[in-house]
Structure formats: C-alpha cells, structure tokens
file work-v1.txt (compact mmCIF, C-alpha atoms)
# COMPACT_ATOMS: atom_id res chain seq x y z
CA MET G 1 26.17 13.44 11.10
CA SER G 2 22.61 13.87 12.40
CA THR G 3 21.38 12.14 15.55
CA VAL G 4 19.19 9.87 13.44
CA ALA G 5 22.00 8.89 11.08
CA ALA G 6 24.40 8.39 13.99
CA GLY G 7 21.90 6.10 15.73
CA LEU G 8 21.37 4.00 12.61
CA ASP G 9 25.11 3.86 12.09
CA ARG G 10 25.74 2.49 15.59
CA VAL G 11 23.06 -0.18 15.17
CA THR G 12 24.28 -1.31 11.76
CA ARG G 13 27.85 -1.64 13.10
CA VAL G 14 26.73 -4.47 15.39
CA PRO G 15 27.86 -7.81 13.92
CA GLY G 16 25.09 -9.65 12.08
CA VAL G 17 22.83 -6.63 11.62
CA ARG G 18 21.72 -6.45 7.96
CA GLY G 19 20.13 -3.06 8.24
CA ALA G 20 18.35 -0.58 10.42
CA LEU G 21 15.63 1.90 9.71
CA ILE G 22 13.36 4.38 11.39
CA ALA G 23 9.70 4.16 10.47
CA SER G 24 6.51 5.89 11.41
CA SER G 25 4.42 3.21 13.13
CA ALA G 26 1.13 4.95 12.31
CA ASP G 27 1.88 5.26 8.58
CA GLY G 28 4.28 2.34 8.10
CA LEU G 29 6.53 4.58 6.04
CA VAL G 30 10.33 4.77 6.10
CA VAL G 31 11.79 7.91 7.69
CA ALA G 32 15.48 6.97 7.44
CA GLU G 33 17.33 3.78 6.58
CA GLN G 34 20.71 2.11 6.36
CA LEU G 35 20.19 -1.27 4.73
CA MET G 36 22.24 -3.92 2.99
CA ASP G 37 21.35 -4.77 -0.59
CA GLY G 38 18.41 -7.15 -0.76
CA VAL G 39 16.69 -5.90 2.39
CA ASP G 40 13.35 -4.36 1.47
CA GLY G 41 13.07 -1.45 3.89
CA ARG G 42 9.66 -0.43 2.63
CA ALA G 43 8.20 -3.86 3.44
CA VAL G 44 9.88 -3.95 6.85
CA ALA G 45 8.58 -0.47 7.71
CA ALA G 46 5.04 -1.28 6.58
CA LEU G 47 4.72 -4.69 8.21
CA ALA G 48 6.75 -4.13 11.39
CA GLY G 49 5.28 -0.64 11.84
CA SER G 50 1.80 -2.15 11.69
CA LEU G 51 2.81 -4.89 14.15
CA ILE G 52 4.21 -2.38 16.65
CA ALA G 53 1.10 -0.21 16.41
CA ARG G 54 -1.10 -3.26 17.04
CA LEU G 55 1.04 -4.44 19.94
CA ALA G 56 0.79 -1.00 21.53
CA ARG G 57 -3.00 -1.06 21.14
CA THR G 58 -3.15 -4.59 22.56
CA ALA G 59 -1.05 -3.60 25.56
CA HIS G 60 -3.18 -0.52 26.10
CA GLY G 61 -6.33 -2.65 25.92
CA ALA G 62 -4.90 -4.99 28.55
CA GLY G 63 -4.07 -2.06 30.81
CA LEU G 64 -0.33 -2.45 30.25
CA ARG G 65 2.34 -0.01 29.14
CA PRO G 66 3.40 -0.21 25.49
CA PRO G 67 6.39 -2.46 24.74
CA VAL G 68 9.83 -0.86 24.87
CA PHE G 69 11.46 -3.58 22.79
CA VAL G 70 10.11 -6.28 20.46
CA HIS G 71 12.08 -9.29 19.19
CA LEU G 72 10.35 -11.16 16.36
CA ARG G 73 12.37 -14.30 15.73
CA GLY G 74 12.25 -16.30 12.51
CA ASP G 75 14.15 -19.25 11.04
CA ASP G 76 16.78 -17.14 9.29
CA GLY G 77 16.99 -14.16 11.55
CA SER G 78 15.00 -11.64 13.50
CA ILE G 79 13.29 -8.30 13.34
CA LEU G 80 14.05 -6.09 16.32
CA ALA G 81 11.98 -3.04 17.13
CA ALA G 82 12.40 -0.26 19.66
CA PRO G 83 9.55 2.28 19.71
CA GLY G 84 10.65 5.86 20.29
CA ALA G 85 8.92 9.19 20.71
CA ASP G 86 6.36 10.78 18.35
CA GLY G 87 5.19 7.48 16.86
CA LEU G 88 8.60 6.63 15.46
CA VAL G 89 10.05 3.16 15.75
CA LEU G 90 13.62 2.00 15.25
CA LEU G 91 13.76 -1.33 13.41
CA ALA G 92 16.64 -3.67 12.70
CA VAL G 93 16.87 -6.72 10.46
CA VAL G 94 19.39 -9.17 11.88
CA GLY G 95 20.73 -12.56 10.83
CA ARG G 96 20.77 -15.70 12.97
CA GLU G 97 24.40 -15.08 13.91
CA ALA G 98 23.78 -11.53 15.12
CA ASN G 99 24.72 -10.32 18.56
CA VAL G 100 21.13 -9.55 19.56
CA GLY G 101 22.08 -8.40 23.06
CA LEU G 102 24.43 -5.71 21.76
CA ALA G 103 21.95 -4.74 19.05
CA ARG G 104 19.26 -4.35 21.73
CA LEU G 105 21.47 -2.04 23.81
CA GLU G 106 22.34 0.13 20.81
CA MET G 107 18.72 0.25 19.66
CA LEU G 108 17.35 1.25 23.07
CA ALA G 109 19.95 4.01 23.30
CA ALA G 110 19.19 5.23 19.78
CA ALA G 111 15.41 4.99 20.26
CA GLY G 112 15.70 7.16 23.35
CA ARG G 113 17.15 9.92 21.21
CA LEU G 114 14.38 9.75 18.59
CA ALA G 115 12.09 12.75 18.63
CA MET L 1 -15.72 -7.78 -4.73
CA ARG L 2 -16.87 -7.78 -8.37
CA ALA L 3 -14.78 -7.65 -11.54
CA LEU L 4 -15.81 -7.42 -15.17
CA GLU L 5 -12.81 -9.53 -16.23
CA PRO L 6 -12.10 -12.77 -14.33
CA TRP L 7 -8.30 -12.47 -14.41
CA VAL L 8 -8.54 -9.33 -12.24
CA GLU L 9 -10.27 -11.16 -9.38
CA ALA L 10 -7.38 -13.09 -7.77
CA PRO L 11 -4.91 -10.15 -7.60
CA LEU L 12 -7.62 -7.82 -6.31
CA GLN L 13 -8.85 -10.36 -3.76
CA ALA L 14 -5.30 -10.82 -2.46
CA PHE L 15 -4.85 -7.05 -2.20
CA LEU L 16 -8.12 -6.65 -0.29
CA ALA L 17 -7.24 -9.46 2.12
CA GLU L 18 -3.76 -8.10 2.87
CA SER L 19 -4.42 -4.37 2.89
CA SER L 20 -7.78 -4.29 4.72
CA ALA L 21 -8.94 -1.61 2.29
CA ARG L 22 -12.56 -0.58 2.78
CA LEU L 23 -13.33 0.48 -0.79
CA THR L 24 -11.45 -0.18 -4.00
CA LEU L 25 -12.21 0.84 -7.54
CA LEU L 26 -10.14 -0.22 -10.55
CA MET L 27 -10.80 1.68 -13.74
CA THR L 28 -9.26 2.56 -17.05
CA SER L 29 -7.72 6.01 -17.49
CA SER L 30 -10.95 7.12 -19.16
CA GLY L 31 -12.96 6.17 -16.07
CA GLN L 32 -14.46 2.89 -17.30
CA VAL L 33 -14.76 0.69 -14.22
CA VAL L 34 -13.09 -2.74 -14.34
CA ALA L 35 -13.62 -3.94 -10.76
CA GLN L 36 -14.96 -2.71 -7.45
CA HIS L 37 -15.08 -3.67 -3.81
CA GLY L 38 -17.27 -2.12 -1.14
CA PHE L 39 -19.56 0.08 -3.23
CA GLY L 40 -23.29 -0.51 -2.89
CA ARG L 41 -24.81 1.88 -5.42
CA SER L 42 -24.14 2.34 -9.11
CA LEU L 43 -24.32 6.12 -8.71
CA ASP L 44 -21.43 6.01 -6.21
CA ILE L 45 -19.33 3.91 -8.60
CA MET L 46 -19.93 6.22 -11.55
CA THR L 47 -19.25 9.35 -9.48
CA ALA L 48 -16.07 7.98 -7.88
CA ALA L 49 -14.77 6.73 -11.24
CA ALA L 50 -15.41 10.04 -12.98
CA LEU L 51 -13.84 12.07 -10.16
CA GLY L 52 -10.87 9.73 -9.83
CA ALA L 53 -10.11 9.73 -13.55
CA GLY L 54 -10.45 13.52 -13.59
CA ILE L 55 -8.07 13.99 -10.66
CA VAL L 56 -5.45 11.71 -12.22
CA ALA L 57 -5.75 13.52 -15.55
CA SER L 58 -5.29 16.86 -13.73
CA THR L 59 -2.25 15.73 -11.74
CA GLU L 60 -0.63 14.19 -14.83
CA GLU L 61 -1.09 17.46 -16.66
CA LEU L 62 0.37 19.34 -13.68
CA ALA L 63 3.37 17.01 -13.73
CA ARG L 64 3.80 17.63 -17.44
CA LEU L 65 3.66 21.40 -16.92
CA MET L 66 6.29 21.12 -14.18
CA GLY L 67 8.51 19.20 -16.56
CA GLY L 68 8.53 16.06 -14.44
CA SER L 69 7.38 12.54 -14.85
CA ARG L 70 3.92 11.37 -13.82
CA PHE L 71 2.98 11.30 -10.15
CA GLU L 72 2.85 7.75 -8.84
CA ALA L 73 0.18 8.21 -6.24
CA LEU L 74 -1.94 10.82 -4.55
CA MET L 75 -2.69 10.29 -0.85
CA HIS L 76 -5.42 12.03 1.11
CA GLN L 77 -5.01 11.41 4.82
CA GLY L 78 -8.09 11.87 6.98
CA SER L 79 -8.80 11.32 10.65
CA ARG L 80 -11.27 8.47 10.11
CA GLN L 81 -10.37 7.28 6.65
CA SER L 82 -7.78 7.98 3.98
CA CYS L 83 -7.74 7.68 0.24
CA MET L 84 -5.10 6.68 -2.30
CA LEU L 85 -5.41 7.40 -5.99
CA SER L 86 -2.79 5.79 -8.17
CA ALA L 87 -2.33 5.28 -11.90
CA PHE L 88 -0.38 2.26 -13.12
CA SER L 89 0.48 0.43 -16.32
CA THR L 90 -1.03 -2.94 -17.24
CA PRO L 91 -0.79 -5.02 -20.42
CA ARG L 92 -4.34 -3.73 -21.08
CA GLY L 93 -3.26 -0.07 -20.89
CA ARG L 94 -3.04 2.49 -18.14
CA TRP L 95 -5.41 1.91 -15.24
CA ILE L 96 -6.33 3.88 -12.15
CA ALA L 97 -6.99 2.59 -8.64
CA LEU L 98 -8.96 4.40 -5.99
CA VAL L 99 -8.47 2.87 -2.54
CA VAL L 100 -10.17 4.03 0.66
CA PHE L 101 -8.85 2.70 3.94
CA GLY L 102 -9.23 3.36 7.66
CA PRO L 103 -7.01 3.41 10.75
CA GLU L 104 -7.11 -0.40 10.94
CA THR L 105 -4.36 -0.38 8.30
CA SER L 106 -1.67 2.09 7.20
CA VAL L 107 -0.42 3.94 4.15
CA GLY L 108 2.68 1.74 4.10
CA ILE L 109 0.68 -1.50 4.14
CA VAL L 110 -1.70 -0.29 1.42
CA ARG L 111 1.18 0.87 -0.82
CA LEU L 112 3.14 -2.34 -0.25
CA PHE L 113 0.31 -4.69 -1.22
CA PHE L 114 -0.93 -2.37 -3.93
CA ASP L 115 2.45 -2.72 -5.66
CA ASP L 116 2.11 -6.50 -5.30
CA MET L 117 -1.31 -6.35 -6.94
CA VAL L 118 0.04 -4.30 -9.86
CA ARG L 119 2.73 -6.95 -10.44
CA GLN L 120 0.15 -9.76 -10.20
CA LEU L 121 -2.18 -8.00 -12.63
CA ALA L 122 0.69 -7.61 -15.10
CA SER L 123 1.41 -11.34 -15.01
CA ALA L 124 -2.25 -12.43 -14.95
CA ALA L 125 -3.38 -10.28 -17.88
CA PRO L 126 -4.23 -12.29 -21.01
CA ARG L 127 -1.54 -12.01 -23.68
CA GLU L 128 -3.97 -11.37 -26.49
CA PRO L 129 -5.18 -7.76 -26.85
CA ALA L 130 -8.62 -6.87 -25.61
CA ARG L 131 -11.32 -7.20 -28.27
CA GLN L 132 -12.17 -3.75 -29.54
CA THR L 133 -15.75 -3.31 -30.64
CA PRO L 134 -17.02 0.00 -31.91
CA LEU L 135 -18.98 1.83 -29.22
CA LEU L 136 -22.20 3.10 -30.69
CA ALA L 137 -24.18 5.89 -29.07
CA GLN L 138 -27.39 3.84 -29.06
CA ASP L 139 -25.60 1.01 -27.19
CA PHE L 140 -23.84 3.19 -24.63
CA GLU L 141 -26.54 3.32 -21.95
CA HIS L 142 -27.31 -0.38 -22.26
CA GLU L 143 -23.63 -1.34 -21.94
CA LEU L 144 -23.11 1.01 -19.01
CA ASP L 145 -26.11 -0.47 -17.19
CA ALA L 146 -24.90 -4.01 -17.92
CA SER L 147 -21.42 -3.21 -16.55
CA LEU L 148 -22.78 -1.57 -13.41
CA ASN L 149 -25.17 -4.47 -12.79
CA ALA L 150 -22.28 -6.92 -13.11
CA LEU L 151 -20.14 -4.82 -10.75
CA LEU L 152 -22.92 -4.76 -8.18
CA GLY L 153 -23.73 -8.45 -8.59
CA ARG L 154 -27.26 -7.95 -9.94

call {"tool": "encode", "arguments": {"input": "work-v1.txt", "output": "structure tokens"}}
result
Amino acid sequence: MSTVAAGLDRVTRVPGVRGALIASSADGLVVAEQLMDGVDGRAVAALAGSLIARLARTAHGAGLRPPVFVHLRGDDGSILAAPGADGLVLLAVVGREANVGLARLEMLAAAGRLA
Amino acid sequence: MRALEPWVEAPLQAFLAESSARLTLLMTSSGQVVAQHGFGRSLDIMTAAALGAGIVASTEELARLMGGSRFEALMHQGSRQSCMLSAFSTPRGRWIALVVFGPETSVGIVRLFFDDMVRQLASAAPREPARQTPLLAQDFEHELDASLNALLGR
C-alpha cells in the first residue's frame, strides 16, 4: 500500500470519520480519496481546498505562519484539514460523534508524510 | 452579464457569483452566442465564440478518431489566468461554455459550480422546442448585429 493510501486508511479507521481525501489546495482537485457513499469528494476538495488556500494567504498577510490544522465545525459534523507539503492538503469529513482528537493526531501524522 | 434568452440568466448569474469567473461565454455548438459575461467588444465575442467552437469541434473529432467518447472539458492553466472550454447537453441542444478565471478561484471551484449551472440550465430550459425560422442570407448581418447589441447591452 502506498504512503498516501496508508495515510488515508489510518484516518478513515477513526470512529465517526466518513471519509478522507487528499486535495491540491491551489487547484481544488482530488488527488486521492477514501470516502463513504454519499460524500461528494469533489465538492469537499474544491471548497475546502479554496478555504485552506485563503486561510494561508490571510495568515501570511497578517504576518503569521500558515495553519497546521483547521477544524470547520457544522451542525451535523465537521471538516478537518491538515495542510501538507507541495500544496497538498489532507481533508476529512467527520460526523458529530467522531473522535476528533484521534482524527487530528492521525491527520497530522499523515500530512507530515505528504510530499 | 447579458443573455439572449431570459431563462439562461439565473443559472449563469449563480455560476458567476459562486465561481468568481472573469469572463464567460455560452454558445451553441455552431458558435452562436447565447450569453456572455465580462466581454466589452462585439469583435472579442465573435472571435472567442468562433475559436471556442472550432477547438471543441477539433477535440471531439480527435476523440472520435481515438475511439473514445467526447472530452468533457479542456483546461488551459496560465500563471495569471486560466481557461476552461467545455461542451454540454441542454434541452436546446449541445452548447459550449468558455470560462476564463484567475488565481482568486480554482479549477475545482469552477468545475463544481459549472456542473451546477449545467443542471440548472437543464431544469430551467423551456419544454417547448425553440422556434426555428429560416435564416436568410440577407437577414444574417442584421440578426448578428442585433444579437451582439443585446449581448453588450446596447
């Protein structure tokens, strides 16, 4: 199994995670994905990729370092994002019941191996 | 944004708002312009429509030669702006979209909301077929001028 697939596999094994994908934040396109049925990876990659790129620009404009982890919380769940190297970002779609702390640890570890 | 047919306006307006596209041209597969956003001169519209329709016709023929199905979209990525050319089916026949966008948006965002617009156009299109009137050579220039004036808001 490739490093990318292994990283996605570890994230999606966390309870409550509905899917994980790697996207290019500049293009908003999916690079790799492991998603449950009904999760639109293309939309997540496009919208979350754009958000991460804007957050990085905002942080840069404020003289700060780019975010290492983003948690976007909604009523029914959350989008988690961990930017990696080369403009790639690891994204996860999680339900309300998800173990976000464990998902965060797995995502940061997997994002560190993205290149 | 200007459209020759009113039912095109809402889907196109939604696409423009969500995608942040700089220029958009909707045309039939023969290059007849249906709607435009961002163009200021009729010459630019005519040139872009003719080139876009020609490129799509070429790529569709290439796809046919290669034994495959039609290409869905052609992307040109530039450093300051990028361009997407895509053909799609509508109840009024096969149309072509030419979309130019900059670094303020992304390929993924443009593709995502473009697909939404195609779905909205399919549901907004009038059920009755378009009225076909014979196109006479002596009327051609007058009708072309009238369409371009409408597209440029004159």

call {"tool": "closest_residue", "arguments": {"input": "work-v1.txt", "among": "G:Val31, G:Ala23, G:Ala46, G:Ala109", "to": "chain L", "atoms": "all atoms listed in the file"}}
result
G:Ala46

call {"tool": "interface_residues", "arguments": {"input": "work-v1.txt", "of": "chain G", "to": "chain L", "cutoff": "8 Å", "atoms": "only C-alpha atoms", "output": "list in words"}}
result
Ala26, Asp27, Gly28, Leu29, Arg42, Ala43, Ala45, Ala46, Leu47 and Ser50 of chain G

call {"tool": "write_last_selection", "arguments": {"input": "work-v1.txt", "atoms": "C-alpha atoms", "output": "short mmCIF file (atom, residue, chain, number, x, y, z; two decimals), keeping the file's coordinate frame"}}
result
data_model
loop_
_atom_site.label_atom_id
_atom_site.label_comp_id
_atom_site.auth_asym_id
_atom_site.auth_seq_id
_atom_site.Cartn_x
_atom_site.Cartn_y
_atom_site.Cartn_z
CA ALA G 26 1.13 4.95 12.31
CA ASP G 27 1.88 5.26 8.58
CA GLY G 28 4.28 2.34 8.10
CA LEU G 29 6.53 4.58 6.04
CA ARG G 42 9.66 -0.43 2.63
CA ALA G 43 8.20 -3.86 3.44
CA ALA G 45 8.58 -0.47 7.71
CA ALA G 46 5.04 -1.28 6.58
CA LEU G 47 4.72 -4.69 8.21
CA SER G 50 1.80 -2.15 11.69
#

call {"tool": "residues_near_point", "arguments": {"input": "work-v1.txt", "point": "(-8.5, 1.1, -15.1)", "cutoff": "7 Å", "atoms": "all atoms listed in the file", "output": "MDAnalysis selection string"}}
result
chainID L and resid 26:29 31:34 94:97

call {"tool": "write_last_selection", "arguments": {"input": "work-v1.txt", "atoms": "C-alpha atoms", "output": "mmCIF file, keeping the file's coordinate frame"}}
result
data_model
loop_
_atom_site.group_PDB
_atom_site.id
_atom_site.type_symbol
_atom_site.label_atom_id
_atom_site.label_comp_id
_atom_site.auth_asym_id
_atom_site.auth_seq_id
_atom_site.Cartn_x
_atom_site.Cartn_y
_atom_site.Cartn_z
ATOM 1 C CA LEU L 26 -10.140 -0.220 -10.550
ATOM 2 C CA MET L 27 -10.800 1.680 -13.740
ATOM 3 C CA THR L 28 -9.260 2.560 -17.050
ATOM 4 C CA SER L 29 -7.720 6.010 -17.490
ATOM 5 C CA GLY L 31 -12.960 6.170 -16.070
ATOM 6 C CA GLN L 32 -14.460 2.890 -17.300
ATOM 7 C CA VAL L 33 -14.760 0.690 -14.220
ATOM 8 C CA VAL L 34 -13.090 -2.740 -14.340
ATOM 9 C CA ARG L 94 -3.040 2.490 -18.140
ATOM 10 C CA TRP L 95 -5.410 1.910 -15.240
ATOM 11 C CA ILE L 96 -6.330 3.880 -12.150
ATOM 12 C CA ALA L 97 -6.990 2.590 -8.640
#

call {"tool": "residues_around", "arguments": {"input": "work-v1.txt", "residues": "segment 51-60 of chain L", "least_positions_apart": "4", "cutoff": "8 Å", "atoms": "only C-alpha atoms", "output": "PDB file with C-alpha atoms, in the frame of the given file"}}
result
ATOM      1  CA  SER L  29      -7.720   6.010 -17.490  1.00  0.00           C
ATOM      2  CA  SER L  30     -10.950   7.120 -19.160  1.00  0.00           C
ATOM      3  CA  GLY L  31     -12.960   6.170 -16.070  1.00  0.00           C
ATOM      4  CA  THR L  47     -19.250   9.350  -9.480  1.00  0.00           C
ATOM      5  CA  ARG L  64       3.800  17.630 -17.440  1.00  0.00           C
ATOM      6  CA  ARG L  70       3.920  11.370 -13.820  1.00  0.00           C
ATOM      7  CA  PHE L  71       2.980  11.300 -10.150  1.00  0.00           C
ATOM      8  CA  LEU L  85      -5.410   7.400  -5.990  1.00  0.00           C
ATOM      9  CA  SER L  86      -2.790   5.790  -8.170  1.00  0.00           C
ATOM     10  CA  ALA L  87      -2.330   5.280 -11.900  1.00  0.00           C
ATOM     11  CA  ILE L  96      -6.330   3.880 -12.150  1.00  0.00           C
ATOM     12  CA  LEU L  98      -8.960   4.400  -5.990  1.00  0.00           C
TER      13      LEU L  98
END

call {"tool": "residues_around", "arguments": {"input": "work-v1.txt", "residues": "Leu102 of chain G", "least_positions_apart": "2", "cutoff": "12 Å", "atoms": "all atoms listed in the file", "output": "ChimeraX atom specification"}}
result
/G:10-17,80,94,98-100,104-109

call {"tool": "closest_residue", "arguments": {"input": "work-v1.txt", "among": "L:Ala146, L:Leu151, L:Ser89, L:Met1", "to": "Asp115 of chain L", "atoms": "only C-alpha atoms"}}
result
L:Ser89

call {"tool": "residues_around", "arguments": {"input": "work-v1.txt", "residues": "Leu121 of chain L", "least_positions_apart": "6", "cutoff": "7 Å", "atoms": "all atoms listed in the file", "output": "PyMOL selection string"}}
result
chain L and resi 8+11+90

call {"tool": "atom_distance", "arguments": {"input": "work-v1.txt", "atom1": "atom CA of Arg154 of chain L", "atom2": "atom CA of Ser20 of chain L"}}
result
24.7 Å

call {"tool": "atom_distance", "arguments": {"input": "work-v1.txt", "atom1": "atom CA of Ser42 of chain L", "atom2": "atom CA of Ala73 of chain L"}}
result
25.2 Å

call {"tool": "atom_distance", "arguments": {"input": "work-v1.txt", "atom1": "atom CA of Glu141 of chain L", "atom2": "atom CA of Thr24 of chain L"}}
result
23.7 Å

call {"tool": "residues_near_point", "arguments": {"input": "work-v1.txt", "point": "(10.9, -5.4, 23.4)", "cutoff": "10 Å", "atoms": "all atoms listed in the file", "output": "short mmCIF file (atom, residue, chain, number, x, y, z; two decimals) with C-alpha atoms, in the coordinates of the input"}}
result
data_model
loop_
_atom_site.label_atom_id
_atom_site.label_comp_id
_atom_site.auth_asym_id
_atom_site.auth_seq_id
_atom_site.Cartn_x
_atom_site.Cartn_y
_atom_site.Cartn_z
CA ILE G 52 4.21 -2.38 16.65
CA PRO G 66 3.40 -0.21 25.49
CA PRO G 67 6.39 -2.46 24.74
CA VAL G 68 9.83 -0.86 24.87
CA PHE G 69 11.46 -3.58 22.79
CA VAL G 70 10.11 -6.28 20.46
CA HIS G 71 12.08 -9.29 19.19
CA LEU G 72 10.35 -11.16 16.36
CA LEU G 80 14.05 -6.09 16.32
CA ALA G 81 11.98 -3.04 17.13
CA ALA G 82 12.40 -0.26 19.66
CA PRO G 83 9.55 2.28 19.71
CA ARG G 104 19.26 -4.35 21.73
CA LEU G 108 17.35 1.25 23.07
#

call {"tool": "residues_around", "arguments": {"input": "work-v1.txt", "residues": "Glu33 of chain G", "least_positions_apart": "4", "cutoff": "7 Å", "atoms": "all atoms listed in the file", "output": "VMD selection string"}}
result
chain G and resid 20 to 22

call {"tool": "write_last_selection", "arguments": {"input": "work-v1.txt", "atoms": "C-alpha atoms", "output": "tab-separated table (two decimals), in the frame of the given file"}}
result
chain	number	residue	atom	x	y	z
G	20	ALA	CA	18.35	-0.58	10.42
G	21	LEU	CA	15.63	1.90	9.71
G	22	ILE	CA	13.36	4.38	11.39

call {"tool": "decode", "arguments": {"input": "work-v1.txt", "residues": "segment 71-113 of chain G", "atoms": "C-alpha atoms", "output": "PDB file, in the first residue's frame"}}
result
ATOM      1  CA  HIS G  71     -11.426  22.391  12.198  1.00  0.00           C
ATOM      2  CA  LEU G  72     -14.573  23.678  10.481  1.00  0.00           C
ATOM      3  CA  ARG G  73     -17.496  22.687  12.663  1.00  0.00           C
ATOM      4  CA  GLY G  74     -21.085  22.456  11.446  1.00  0.00           C
ATOM      5  CA  ASP G  75     -24.393  21.251  12.884  1.00  0.00           C
ATOM      6  CA  ASP G  76     -24.054  17.684  11.629  1.00  0.00           C
ATOM      7  CA  GLY G  77     -20.332  17.229  11.656  1.00  0.00           C
ATOM      8  CA  SER G  78     -17.046  18.796  10.761  1.00  0.00           C
ATOM      9  CA  ILE G  79     -14.482  19.215   8.040  1.00  0.00           C
ATOM     10  CA  LEU G  80     -10.927  18.717   9.249  1.00  0.00           C
ATOM     11  CA  ALA G  81      -7.950  19.846   7.225  1.00  0.00           C
ATOM     12  CA  ALA G  82      -4.224  19.342   7.645  1.00  0.00           C
ATOM     13  CA  PRO G  83      -2.081  21.102   5.027  1.00  0.00           C
ATOM     14  CA  GLY G  84       0.972  19.145   3.922  1.00  0.00           C
ATOM     15  CA  ALA G  85       3.893  19.759   1.608  1.00  0.00           C
ATOM     16  CA  ASP G  86       3.752  20.828  -2.054  1.00  0.00           C
ATOM     17  CA  GLY G  87       0.341  22.491  -1.793  1.00  0.00           C
ATOM     18  CA  LEU G  88      -1.407  19.271  -0.817  1.00  0.00           C
ATOM     19  CA  VAL G  89      -3.966  19.179   1.957  1.00  0.00           C
ATOM     20  CA  LEU G  90      -5.386  16.193   3.809  1.00  0.00           C
ATOM     21  CA  LEU G  91      -9.123  16.574   4.421  1.00  0.00           C
ATOM     22  CA  ALA G  92     -11.543  14.523   6.479  1.00  0.00           C
ATOM     23  CA  VAL G  93     -15.324  14.621   6.692  1.00  0.00           C
ATOM     24  CA  VAL G  94     -16.440  13.571  10.163  1.00  0.00           C
ATOM     25  CA  GLY G  95     -19.784  13.138  11.889  1.00  0.00           C
ATOM     26  CA  ARG G  96     -20.823  14.754  15.170  1.00  0.00           C
ATOM     27  CA  GLU G  97     -19.964  11.590  17.076  1.00  0.00           C
ATOM     28  CA  ALA G  98     -16.428  11.366  15.685  1.00  0.00           C
ATOM     29  CA  ASN G  99     -13.358  11.182  17.856  1.00  0.00           C
ATOM     30  CA  VAL G 100     -11.917  14.460  16.565  1.00  0.00           C
ATOM     31  CA  GLY G 101      -8.858  14.299  18.816  1.00  0.00           C
ATOM     32  CA  LEU G 102      -7.759  10.935  17.422  1.00  0.00           C
ATOM     33  CA  ALA G 103      -8.607  12.028  13.883  1.00  0.00           C
ATOM     34  CA  ARG G 104      -6.438  15.122  14.384  1.00  0.00           C
ATOM     35  CA  LEU G 105      -3.460  13.037  15.532  1.00  0.00           C
ATOM     36  CA  GLU G 106      -3.767  10.652  12.592  1.00  0.00           C
ATOM     37  CA  MET G 107      -4.197  13.511  10.129  1.00  0.00           C
ATOM     38  CA  LEU G 108      -1.174  15.448  11.378  1.00  0.00           C
ATOM     39  CA  ALA G 109       0.938  12.300  11.145  1.00  0.00           C
ATOM     40  CA  ALA G 110      -0.332  11.524   7.646  1.00  0.00           C
ATOM     41  CA  ALA G 111       0.007  15.147   6.466  1.00  0.00           C
ATOM     42  CA  GLY G 112       3.634  15.127   7.574  1.00  0.00           C
ATOM     43  CA  ARG G 113       4.293  12.291   5.158  1.00  0.00           C
TER      44      ARG G 113
END
